[in-house]
file input-v3.cif (mmCIF, C-alpha atoms)
data_protein
loop_
_atom_site.label_atom_id
_atom_site.label_comp_id
_atom_site.auth_asym_id
_atom_site.auth_seq_id
_atom_site.Cartn_x
_atom_site.Cartn_y
_atom_site.Cartn_z
CA MET A 1358 0.00 0.00 0.00
CA LYS A 1359 2.86 2.35 0.86
CA SER A 1360 4.51 1.84 -2.52
CA ILE A 1361 1.26 2.47 -4.37
CA THR A 1362 0.64 5.68 -2.43
CA LEU A 1363 4.16 6.96 -3.07
CA PHE A 1364 3.84 6.21 -6.75
CA ALA A 1365 0.48 7.95 -6.99
CA LEU A 1366 1.84 11.07 -5.31
CA ALA A 1367 4.97 11.14 -7.46
CA ALA A 1368 3.05 10.60 -10.67
CA ALA A 1369 0.50 13.28 -9.81
CA ALA A 1370 3.21 15.82 -9.09
CA VAL A 1371 5.07 15.04 -12.28
CA LEU A 1372 2.00 15.10 -14.48
CA GLN A 1373 0.92 18.42 -12.95
CA THR A 1374 4.31 19.83 -13.96
CA ALA A 1375 3.94 18.35 -17.44
CA THR A 1376 0.58 19.97 -18.04
CA ALA A 1377 1.40 23.36 -16.52
CA ALA A 1378 1.00 26.15 -19.08
CA LYS A 1379 4.09 28.16 -19.94
CA CYS A 1380 3.76 31.79 -21.01
CA GLY A 1381 7.10 32.33 -22.66
CA SER A 1382 9.68 31.85 -19.92
CA GLN A 1383 7.21 32.28 -17.05
CA ASP A 1384 4.09 30.76 -15.52
CA CYS A 1385 1.07 33.03 -15.18
CA GLY A 1386 -0.25 33.22 -11.64
CA LYS A 1387 -3.67 33.85 -10.15
CA ASP A 1388 -3.08 37.60 -9.87
CA ALA A 1389 -1.88 37.93 -13.49
CA PRO A 1390 -3.60 35.00 -15.15
CA CYS A 1391 -3.75 35.95 -18.83
CA CYS A 1392 -0.92 35.26 -21.25
CA VAL A 1393 -0.10 37.22 -24.41
CA ARG A 1394 3.16 36.59 -26.26
CA GLY A 1395 5.19 35.63 -23.23
CA TYR A 1396 3.78 38.14 -20.74
CA CYS A 1397 1.16 37.77 -18.01
CA ASN A 1398 -1.32 40.36 -16.76
CA ALA A 1399 -4.90 40.77 -15.57
CA ASN A 1400 -6.06 43.74 -17.64
CA ALA A 1401 -8.17 43.83 -20.77
CA MET A 1402 -5.26 43.92 -23.19
CA TYR A 1403 -4.23 40.49 -21.95
CA CYS A 1404 -7.55 38.87 -21.03
CA ILE A 1405 -9.74 39.99 -23.94
CA PRO A 1406 -10.49 36.89 -26.06
CA PHE A 1407 -8.94 38.04 -29.34
CA ASN A 1408 -5.56 38.56 -27.61
CA CYS A 1409 -5.51 36.06 -24.75
CA GLU A 1410 -3.73 32.72 -25.22
CA ALA A 1411 -5.90 30.35 -23.23
CA GLN A 1412 -3.53 27.41 -23.56
CA ASN A 1413 -0.67 29.40 -21.98
CA SER A 1414 -2.63 31.21 -19.28
CA TYR A 1415 -3.05 30.36 -15.62
CA SER A 1416 -6.08 28.18 -16.31
CA ALA A 1417 -8.48 27.36 -19.11
CA ASP A 1418 -10.92 29.90 -17.67
CA SER A 1419 -8.46 32.78 -17.32
CA CYS A 1420 -9.27 34.43 -20.64
CA TRP A 1421 -12.54 36.31 -20.76
CA ASP A 1422 -15.45 34.57 -22.47
CA THR A 1423 -16.07 35.25 -26.13
CA ALA A 1424 -19.11 37.51 -26.47
CA HIS A 1425 -21.16 36.50 -29.49
CA CYS A 1426 -22.85 38.62 -32.13
CA VAL A 1427 -25.88 40.75 -31.28
CA LYS A 1428 -27.59 42.92 -33.90
CA SER A 1429 -26.43 46.47 -33.33
CA ASN A 1430 -26.08 49.94 -34.75
CA VAL A 1431 -22.97 51.64 -33.44
CA ASN A 1432 -23.13 55.42 -33.50
CA PHE A 1433 -19.98 56.99 -32.12
CA GLY A 1434 -21.92 59.81 -30.53
CA SER A 1435 -22.99 57.24 -27.94
CA ALA A 1436 -21.06 56.75 -24.71
CA ASN A 1437 -21.20 52.97 -25.16
CA ALA A 1438 -19.65 52.99 -28.62
CA PHE A 1439 -15.91 53.12 -27.86
CA ALA A 1440 -13.40 52.84 -25.02
CA GLN A 1441 -9.66 52.70 -24.67
CA ILE A 1442 -8.66 49.12 -23.93
CA ALA A 1443 -7.21 50.14 -20.55
CA ASP A 1444 -10.72 51.25 -19.53
CA TYR A 1445 -12.55 48.17 -20.80
CA LYS A 1446 -13.79 45.86 -18.05
CA GLY A 1447 -15.02 42.99 -20.20
CA ASP A 1448 -18.70 43.88 -20.58
CA PRO A 1449 -19.57 44.13 -24.32
CA SER A 1450 -22.99 45.60 -23.54
CA LYS A 1451 -21.22 48.71 -22.25
CA THR A 1452 -18.57 49.02 -24.97
CA ALA A 1453 -18.93 48.11 -28.65
CA PHE A 1454 -15.37 48.83 -29.83
CA VAL A 1455 -12.01 49.07 -28.04
CA SER A 1456 -8.57 50.26 -29.07
CA GLN A 1457 -6.03 47.47 -29.33
CA PHE A 1458 -2.86 49.44 -28.65
CA GLU A 1459 -1.40 51.49 -25.83
CA PRO A 1460 -0.58 54.29 -26.33
CA SER A 1461 -3.72 54.72 -28.37
CA ASN A 1462 -4.12 56.85 -31.47
CA ALA A 1463 -7.88 56.27 -31.59
CA LYS A 1464 -10.47 58.62 -30.12
CA VAL A 1465 -13.99 59.93 -30.67
CA VAL A 1466 -14.19 63.48 -32.02
CA GLY A 1467 -17.51 65.13 -32.81
CA GLY A 1468 -19.42 61.85 -32.95
CA GLU A 1469 -16.85 60.21 -35.25
CA LEU A 1470 -14.30 57.55 -34.37
CA GLN A 1471 -10.92 58.80 -35.57
CA MET A 1472 -7.75 56.74 -35.95
CA GLU A 1473 -4.52 58.60 -36.62
CA LEU A 1474 -1.16 57.50 -38.00
CA VAL A 1475 1.68 59.46 -36.37
CA LYS A 1476 5.40 59.63 -37.08
CA GLN A 1477 7.73 58.05 -34.54
CA GLY A 1478 11.30 58.95 -33.70
CA ASP A 1479 12.63 56.32 -36.09
CA GLY A 1480 10.73 57.88 -38.99
CA LYS A 1481 8.15 55.07 -39.19
CA GLY A 1482 4.44 55.47 -38.57
CA PHE A 1483 2.51 54.19 -35.57
CA GLY A 1484 -1.20 53.83 -36.22
CA ALA A 1485 -4.28 52.46 -34.51
CA THR A 1486 -6.56 49.43 -34.52
CA VAL A 1487 -10.03 49.25 -32.99
CA MET A 1488 -11.91 46.00 -32.59
CA ASN A 1489 -15.46 44.95 -31.88
CA THR A 1490 -15.91 43.37 -28.46
CA ARG A 1491 -18.27 40.75 -29.93
CA ALA A 1492 -17.38 38.02 -32.40
CA ILE A 1493 -19.45 37.31 -35.50
CA GLN A 1494 -19.85 34.16 -37.56
CA TYR A 1495 -21.62 35.20 -40.76
CA GLY A 1496 -23.71 38.32 -41.10
CA THR A 1497 -23.75 41.73 -42.76
CA VAL A 1498 -21.42 44.47 -41.57
CA THR A 1499 -21.86 48.00 -42.93
CA ALA A 1500 -19.55 50.93 -42.20
CA VAL A 1501 -19.85 54.59 -43.18
CA MET A 1502 -16.27 55.82 -43.24
CA ARG A 1503 -13.44 57.58 -45.01
CA SER A 1504 -9.85 56.41 -45.27
CA GLY A 1505 -6.83 58.26 -43.94
CA CYS A 1506 -4.63 57.52 -46.96
CA VAL A 1507 -3.87 61.07 -48.13
CA SER A 1508 -0.27 60.09 -48.92
CA GLY A 1509 1.29 57.08 -50.52
CA GLY A 1510 2.41 54.56 -47.94
CA VAL A 1511 -0.63 54.99 -45.68
CA VAL A 1512 -3.02 52.03 -45.49
CA SER A 1513 -6.50 51.96 -43.92
CA SER A 1514 -8.50 48.77 -43.38
CA PHE A 1515 -11.97 47.42 -42.59
CA ILE A 1516 -11.58 43.75 -41.71
CA ILE A 1517 -13.46 40.73 -40.38
CA ARG A 1518 -10.79 38.39 -39.05
CA ASN A 1519 -10.10 35.48 -36.72
CA ASP A 1520 -6.46 36.08 -35.86
CA LYS A 1521 -5.97 32.71 -34.17
CA VAL A 1522 -7.28 30.70 -37.12
CA GLY A 1523 -6.24 33.06 -39.91
CA ASP A 1524 -9.59 33.55 -41.64
CA GLU A 1525 -10.10 37.06 -43.03
CA ILE A 1526 -12.42 39.14 -45.21
CA ASP A 1527 -11.31 42.69 -45.90
CA PHE A 1528 -11.51 46.10 -47.49
CA GLU A 1529 -8.17 47.87 -47.82
CA PHE A 1530 -7.41 51.43 -48.88
CA VAL A 1531 -3.96 52.53 -50.08
CA GLY A 1532 -2.55 56.00 -50.58
CA ALA A 1533 -1.47 55.03 -54.07
CA ASP A 1534 -5.11 54.99 -55.19
CA LYS A 1535 -7.75 57.19 -53.56
CA SER A 1536 -10.52 56.39 -56.05
CA THR A 1537 -11.02 52.68 -55.31
CA VAL A 1538 -10.97 50.24 -52.41
CA GLN A 1539 -9.47 46.76 -52.61
CA SER A 1540 -11.15 43.53 -51.48
CA ASN A 1541 -9.71 40.17 -50.53
CA TYR A 1542 -10.22 37.11 -48.32
CA TYR A 1543 -7.96 34.48 -46.76
CA TRP A 1544 -8.44 31.04 -45.25
CA HIS A 1545 -6.18 29.82 -42.44
CA ASP A 1546 -3.55 32.47 -43.23
CA GLN A 1547 -2.96 31.13 -46.73
CA LEU A 1548 -2.16 34.43 -48.38
CA ASP A 1549 -3.02 34.80 -52.06
CA TYR A 1550 -2.73 38.39 -53.23
CA THR A 1551 -3.69 37.41 -56.77
CA LYS A 1552 -7.30 37.20 -55.53
CA MET A 1553 -7.48 40.93 -54.82
CA VAL A 1554 -10.28 42.75 -56.67
CA LYS A 1555 -10.73 46.53 -56.80
CA SER A 1556 -14.06 48.30 -56.50
CA GLN A 1557 -15.58 50.57 -59.07
CA VAL A 1558 -14.23 54.12 -59.16
CA VAL A 1559 -15.71 56.33 -56.44
CA SER A 1560 -15.07 59.90 -55.30
CA ASP A 1561 -11.95 60.50 -53.19
CA THR A 1562 -12.07 57.98 -50.33
CA THR A 1563 -10.00 60.28 -48.10
CA LYS A 1564 -12.33 63.28 -48.41
CA ASN A 1565 -15.75 61.67 -48.72
CA ASP A 1566 -17.67 59.23 -46.58
CA HIS A 1567 -18.76 56.11 -48.43
CA THR A 1568 -20.79 53.13 -47.30
CA TYR A 1569 -18.80 49.89 -47.35
CA GLN A 1570 -20.51 46.58 -46.72
CA ILE A 1571 -19.50 42.93 -46.35
CA GLN A 1572 -22.29 40.37 -46.68
CA TRP A 1573 -20.95 37.08 -45.32
CA THR A 1574 -23.05 33.89 -45.35
CA PRO A 1575 -22.19 30.18 -45.28
CA ASP A 1576 -22.53 30.18 -49.08
CA GLN A 1577 -20.98 33.42 -50.31
CA ILE A 1578 -19.28 36.74 -49.59
CA VAL A 1579 -20.42 39.95 -51.29
CA TRP A 1580 -18.53 43.26 -51.15
CA THR A 1581 -20.45 46.47 -51.90
CA VAL A 1582 -19.64 50.18 -52.01
CA ASP A 1583 -22.46 52.72 -51.77
CA GLY A 1584 -25.01 49.98 -52.41
CA ASN A 1585 -23.28 48.65 -55.53
CA ALA A 1586 -21.96 45.09 -55.33
CA PHE A 1587 -18.65 44.79 -57.14
CA ARG A 1588 -17.54 41.33 -56.06
CA THR A 1589 -19.03 37.97 -55.04
CA VAL A 1590 -17.10 34.88 -53.92
CA LYS A 1591 -19.09 31.66 -53.60
CA ARG A 1592 -18.02 28.99 -51.16
CA SER A 1593 -18.43 26.38 -53.88
CA GLU A 1594 -15.69 28.14 -55.86
CA THR A 1595 -13.13 27.74 -53.06
CA TRP A 1596 -12.94 23.93 -53.16
CA ASP A 1597 -9.34 22.68 -53.07
CA ALA A 1598 -9.07 19.12 -54.34
CA GLY A 1599 -5.53 18.71 -53.03
CA SER A 1600 -6.51 19.25 -49.41
CA GLY A 1601 -10.10 18.07 -49.78
CA THR A 1602 -11.61 21.18 -48.24
CA PHE A 1603 -13.32 24.45 -49.04
CA LYS A 1604 -10.82 27.24 -48.43
CA TYR A 1605 -13.55 29.62 -47.37
CA PRO A 1606 -13.43 31.79 -44.22
CA ASP A 1607 -16.01 30.36 -41.83
CA SER A 1608 -14.69 30.80 -38.28
CA GLU A 1609 -16.16 33.18 -35.72
CA SER A 1610 -14.22 36.44 -36.17
CA TYR A 1611 -13.92 40.05 -35.04
CA VAL A 1612 -14.74 43.25 -36.95
CA SER A 1613 -11.86 45.72 -36.83
CA PHE A 1614 -10.68 49.00 -38.38
CA SER A 1615 -7.12 50.24 -38.62
CA ILE A 1616 -4.61 52.65 -40.10
CA TRP A 1617 -0.94 51.71 -40.51
CA ASP A 1618 2.34 52.48 -42.24
CA GLY A 1619 2.78 50.32 -45.32
CA GLY A 1620 5.44 52.54 -46.84
CA SER A 1621 8.12 51.50 -44.36
CA GLY A 1622 7.50 47.79 -44.86
CA ALA A 1623 9.19 45.32 -47.19
CA GLN A 1624 9.63 46.45 -50.78
CA GLY A 1625 6.56 44.65 -52.11
CA THR A 1626 4.34 46.12 -49.42
CA ALA A 1627 5.81 49.60 -49.83
CA ASP A 1628 5.24 49.53 -53.60
CA TRP A 1629 1.65 48.40 -53.12
CA ALA A 1630 0.98 51.09 -50.53
CA GLY A 1631 2.47 53.85 -52.69
CA GLY A 1632 6.01 54.22 -51.40
CA PRO A 1633 7.35 56.01 -48.31
CA ILE A 1634 4.89 58.29 -46.50
CA GLN A 1635 5.18 61.97 -47.30
CA TRP A 1636 4.70 63.22 -43.75
CA GLY A 1637 4.20 66.81 -44.83
CA GLN A 1638 0.90 65.82 -46.43
CA GLY A 1639 -0.63 64.83 -43.08
CA PRO A 1640 -2.43 64.56 -40.81
CA PHE A 1641 -3.42 60.98 -41.62
CA VAL A 1642 -6.76 60.31 -39.99
CA ALA A 1643 -9.31 57.63 -40.86
CA GLY A 1644 -12.85 58.43 -39.72
CA ILE A 1645 -15.76 56.09 -39.00
CA LYS A 1646 -19.24 57.59 -38.67
CA SER A 1647 -21.28 54.48 -37.95
CA ILE A 1648 -21.26 50.68 -38.08
CA ASP A 1649 -24.24 48.36 -38.52
CA ILE A 1650 -23.86 44.69 -37.59
CA ASP A 1651 -26.62 42.26 -38.54
CA CYS A 1652 -25.89 38.74 -37.31
CA TYR A 1653 -26.68 35.80 -39.58
CA TYR A 1654 -27.52 33.61 -36.59
CA LYS A 1655 -30.09 35.42 -34.49
CA GLY A 1656 -30.07 35.26 -30.72
CA ASN A 1657 -28.67 37.13 -27.76
CA GLU A 1658 -25.59 37.07 -25.64
CA THR A 1659 -26.83 34.36 -23.27
CA THR A 1660 -28.80 32.01 -25.52
CA TYR A 1661 -26.79 32.01 -28.73
CA THR A 1662 -24.23 29.35 -29.62
CA PRO A 1663 -22.45 29.65 -32.99
CA PRO A 1664 -22.30 26.50 -35.09
CA GLY A 1665 -19.10 24.53 -35.55
CA SER A 1666 -16.53 25.54 -38.14
CA SER A 1667 -13.11 24.48 -39.32
CA GLY A 1668 -11.56 26.55 -36.56
CA GLY A 1669 -12.25 29.13 -33.88
CA ASP A 1670 -11.39 30.56 -30.50
CA ASP A 1671 -10.69 28.05 -27.78
CA ASP A 1672 -13.32 29.50 -25.47
CA ASP A 1673 -16.19 30.05 -27.91
CA ASP A 1674 -18.59 27.80 -26.04
CA LYS A 1675 -17.57 28.46 -22.43
CA SER A 1676 -20.49 30.65 -21.42
CA SER A 1677 -23.15 29.68 -23.93
CA THR A 1678 -26.39 27.92 -23.08
CA THR A 1679 -29.21 26.43 -25.11
CA SER A 1680 -30.06 28.23 -28.35
CA ASP A 1681 -33.50 29.47 -29.31
CA ASP A 1682 -35.49 26.85 -31.24
CA ASP A 1683 -35.28 28.64 -34.55
CA ASP A 1684 -31.55 29.17 -34.13
CA GLU A 1685 -30.98 25.51 -33.31
CA ASP A 1686 -32.68 24.41 -36.51
CA GLU A 1687 -30.78 26.89 -38.63
CA SER A 1688 -27.44 26.17 -36.97
CA SER A 1689 -27.75 22.39 -37.10
CA THR A 1690 -28.78 22.44 -40.74
CA ASP A 1691 -25.79 24.55 -41.72
CA LYS A 1692 -23.42 22.53 -39.55
CA SER A 1693 -24.50 19.21 -41.02
CA SER A 1694 -24.04 20.49 -44.55
CA LYS A 1695 -20.60 21.82 -43.67
CA ASP A 1696 -19.55 18.59 -41.98
CA ASP A 1697 -20.15 16.74 -45.25
CA ASP A 1698 -17.84 19.15 -47.03
CA GLU A 1699 -15.01 19.39 -44.54
CA SER A 1700 -12.96 16.21 -44.32
CA SER A 1701 -10.32 15.19 -41.83
CA SER A 1702 -7.71 16.52 -44.24
CA ASP A 1703 -8.43 19.99 -42.80
CA LYS A 1704 -6.00 19.21 -40.01
CA THR A 1705 -3.27 18.27 -42.44
CA SER A 1706 -3.93 21.40 -44.44
CA LYS A 1707 -3.81 23.56 -41.33
CA ASP A 1708 -0.50 22.02 -40.28
CA ASN A 1709 0.92 22.89 -43.67
CA ASP A 1710 -0.34 26.45 -43.29
CA LYS A 1711 1.95 27.10 -40.34
CA SER A 1712 4.85 27.57 -42.71
CA SER A 1713 3.06 30.49 -44.37
CA LYS A 1714 2.23 32.44 -41.19
CA HIS A 1715 2.56 36.21 -41.38
CA SER A 1716 6.05 37.58 -40.71
CA SER A 1717 6.67 40.52 -38.36
CA SER A 1718 6.54 44.02 -39.78
CA ASP A 1719 10.32 44.39 -39.96
CA GLU A 1720 11.07 41.09 -41.69
CA GLU A 1721 11.44 40.44 -45.41
CA SER A 1722 11.09 36.99 -46.89
CA ASP A 1723 12.85 35.69 -49.96
CA SER A 1724 9.49 35.06 -51.54
CA GLU A 1725 8.66 38.76 -51.38
CA ASP A 1726 11.57 39.66 -53.63
CA ALA A 1727 11.04 36.67 -55.86
CA SER A 1728 7.45 37.60 -56.50
CA SER A 1729 8.01 41.29 -57.19
CA ASP A 1730 7.76 40.66 -60.93
CA GLN A 1731 4.17 39.47 -60.87
CA SER A 1732 1.86 40.11 -63.78
CA SER A 1733 0.45 43.61 -64.28
CA GLU A 1734 -3.12 42.69 -63.46
CA ASP A 1735 -4.97 44.50 -60.65
CA SER A 1736 -3.70 41.86 -58.30
CA SER A 1737 -0.11 42.95 -58.87
CA ASP A 1738 -0.89 46.06 -56.83
CA GLU A 1739 -1.16 43.86 -53.75
CA PRO A 1740 1.96 43.38 -51.61
CA GLU A 1741 4.13 40.37 -52.25
CA SER A 1742 5.16 40.46 -48.63
CA ASP A 1743 3.00 38.93 -45.94
CA ASP A 1744 3.98 41.48 -43.31
CA SER A 1745 1.05 43.70 -44.24
CA VAL A 1746 -1.53 41.62 -42.46
CA ASP A 1747 0.28 41.82 -39.13
CA GLU A 1748 0.54 45.58 -39.36
CA GLU A 1749 -3.03 46.16 -40.43
CA THR A 1750 -4.47 44.07 -37.64
CA GLY A 1751 -1.90 44.95 -35.02
CA SER A 1752 -2.52 41.51 -33.64
CA SER A 1753 -0.55 38.81 -31.90
CA GLU A 1754 0.67 35.85 -33.93
CA ASP A 1755 -0.08 32.29 -32.93
CA LEU A 1756 2.39 30.55 -30.61
CA ASP A 1757 5.90 30.02 -31.93
CA GLU A 1758 6.84 26.53 -33.00
CA SER A 1759 9.41 26.59 -30.17
CA SER A 1760 6.55 26.60 -27.68
CA ASP A 1761 5.26 23.31 -29.06
CA THR A 1762 8.77 21.85 -28.99
CA SER A 1763 9.39 22.82 -25.37
CA SER A 1764 6.02 21.36 -24.34
CA SER A 1765 6.90 18.08 -26.06
CA THR A 1766 10.29 17.99 -24.36
CA LEU A 1767 8.69 18.71 -21.01
CA LEU A 1768 6.17 15.92 -21.46
CA THR A 1769 8.89 13.43 -22.47
CA ALA A 1770 10.94 14.32 -19.40
CA SER A 1771 7.85 14.04 -17.22
CA LEU A 1772 6.99 10.59 -18.50
CA SER A 1773 10.54 9.49 -17.79
CA ALA A 1774 10.13 10.80 -14.26
CA VAL A 1775 6.92 8.81 -13.87
CA VAL A 1776 8.80 5.64 -14.84
CA ALA A 1777 11.51 6.50 -12.31
CA ALA A 1778 8.84 7.09 -9.68
CA MET A 1779 7.35 3.70 -10.43
CA ALA A 1780 10.73 2.05 -9.99
CA ALA A 1781 11.30 3.86 -6.68
CA ALA A 1782 7.86 2.88 -5.46
CA CYS A 1783 8.39 -0.74 -6.35
CA ALA A 1784 11.60 -0.77 -4.34
CA PHE A 1785 9.48 -0.35 -1.25
#
call {"tool": "encode", "arguments": {"input": "input-v3.cif", "output": "structure tokens"}}
result
Amino acid sequence: MKSITLFALAAAAVLQTATAAKCGSQDCGKDAPCCVRGYCNANAMYCIPFNCEAQNSYSADSCWDTAHCVKSNVNFGSANAFAQIADYKGDPSKTAFVSQFEPSNAKVVGGELQMELVKQGDGKGFGATVMNTRAIQYGTVTAVMRSGCVSGGVVSSFIIRNDKVGDEIDFEFVGADKSTVQSNYYWHDQLDYTKMVKSQVVSDTTKNDHTYQIQWTPDQIVWTVDGNAFRTVKRSETWDAGSGTFKYPDSESYVSFSIWDGGSGAQGTADWAGGPIQWGQGPFVAGIKSIDIDCYYKGNETTYTPPGSSGGDDDDDKSSTTSDDDDEDESSTDKSSKDDDESSSDKTSKDNDKSSKHSSSDEESDSEDASSDQSSEDSSDEPESDDSVDEETGSSEDLDESSDTSSSTLLTASLSAVVAAMAAACAF
């Protein structure tokens, strides 16, 4: 009995060590439970779902719950429309959008949300990103806004993105072209700039407010400007026979807006954005008047559960309860049809995608230079570098491969310790 007890205690201690989450070189504690890129803290910047790394935090429940889509009209004259992330306490009913950076270059002025790109001491620009506090899986998002791209090199964005999975649908504005807006979409961070399509010509996007809309359903994505649809992508057209899956963004994501410096990026990005920023042409301010969000799956924050997808936040279902009857029928129907389409090869495809993750804003890949001689179609205006996505979203990348390696090493060592503990116990 003594030997069994000793073994049980030794094994429990070792396995607890093996499963402990590591946040970079440290362990997050109860007082600073949320992990983001190797640092622990308890404030919104760390615990908000689109930043927080649940698998590396103090516990599985450390990150705040994902708040799901609720139909809303966001008017920035309202006190509940926007808050700096340092002031956000985790209640989406009190704040629709938050800044993602500190210090923040986003603020409300005269009933308009303004995001400014400012010059830093090193000559590069530091912009702003604001994100919705609720996640959406399918729906229609409409924004009345103007871009801040009055000089080449300045980029403004309106994006629906899941940063952990890598699904994205976007509008992007570049200073090199003030009369159109560009559209694109990505699946699991597989970047394909050749799929970019420009809108019809409109009046100066930096001086005039226009209405930009993304209609996202399980079957198609439609981009419109001022009520005129200029692009439609059908899910059926995204089938990839090699991986046996539809490469169609379908994970629960966040609506965000940003302004950033593309002119100081890698050569491909800088060319696409219009070259180095001419700072004397500033200020560079993107303005958002209003945002309408109409959820595809109806419900409310306590009774709505989004259907399954090929990927999503770890904590999507933590606080959800039973859906309304109509929502259950709609969700289950869509889920069953998707399950038929998405085979187990999704996992293999996602593993392959890791090699094409976005690089940091200061890195240049060999592929960027190699692809600088692309054809002269509209798509050639897109950057050949993949650093643009990181800058436009201002978001954290997924965990480094080294994190997975260290976890594997730790587990191997722990199992060896269990065997040693067994031998010691048997000696008794």
call {"tool": "closest_residue", "arguments": {"input": "input-v3.cif", "among": "A:Phe1641, A:Phe1454, A:Tyr1415, A:Tyr1611", "to": "Asn1432 in chain A", "atoms": "all atoms listed in the file"}}
result
A:Phe1454
call {"tool": "resolve_selection", "arguments": {"input": "input-v3.cif", "expression": "the PyMOL selection byres ((chain A and resi 1607) around 7)", "output": "list in words"}}
result
Gln1494, Tyr1605, Pro1606, Ser1608, Glu1609 and Ser1666 of chain A
call {"tool": "residues_around", "arguments": {"input": "input-v3.cif", "residues": "range 1533-1540 of chain A", "least_positions_apart": "3", "cutoff": "6 Å", "atoms": "all atoms listed in the file", "output": "PyMOL selection string"}}
result
chain A and resi 1509+1527-1530+1553-1556+1558-1562+1630-1631
call {"tool": "resolve_selection", "arguments": {"input": "input-v3.cif", "expression": "the PyMOL selection byres ((chain A and resi 1552) around 8)", "output": "list in words"}}
result
Asn1541, Tyr1542, Asp1549, Tyr1550, Thr1551, Met1553, Val1554 and Ser1736 of chain A
call {"tool": "closest_residue", "arguments": {"input": "input-v3.cif", "among": "A:Pro1406, A:Gly1480, A:Gly1467, A:Gly1523", "to": "Lys1604 in chain A", "atoms": "all atoms listed in the file"}}
result
A:Gly1523
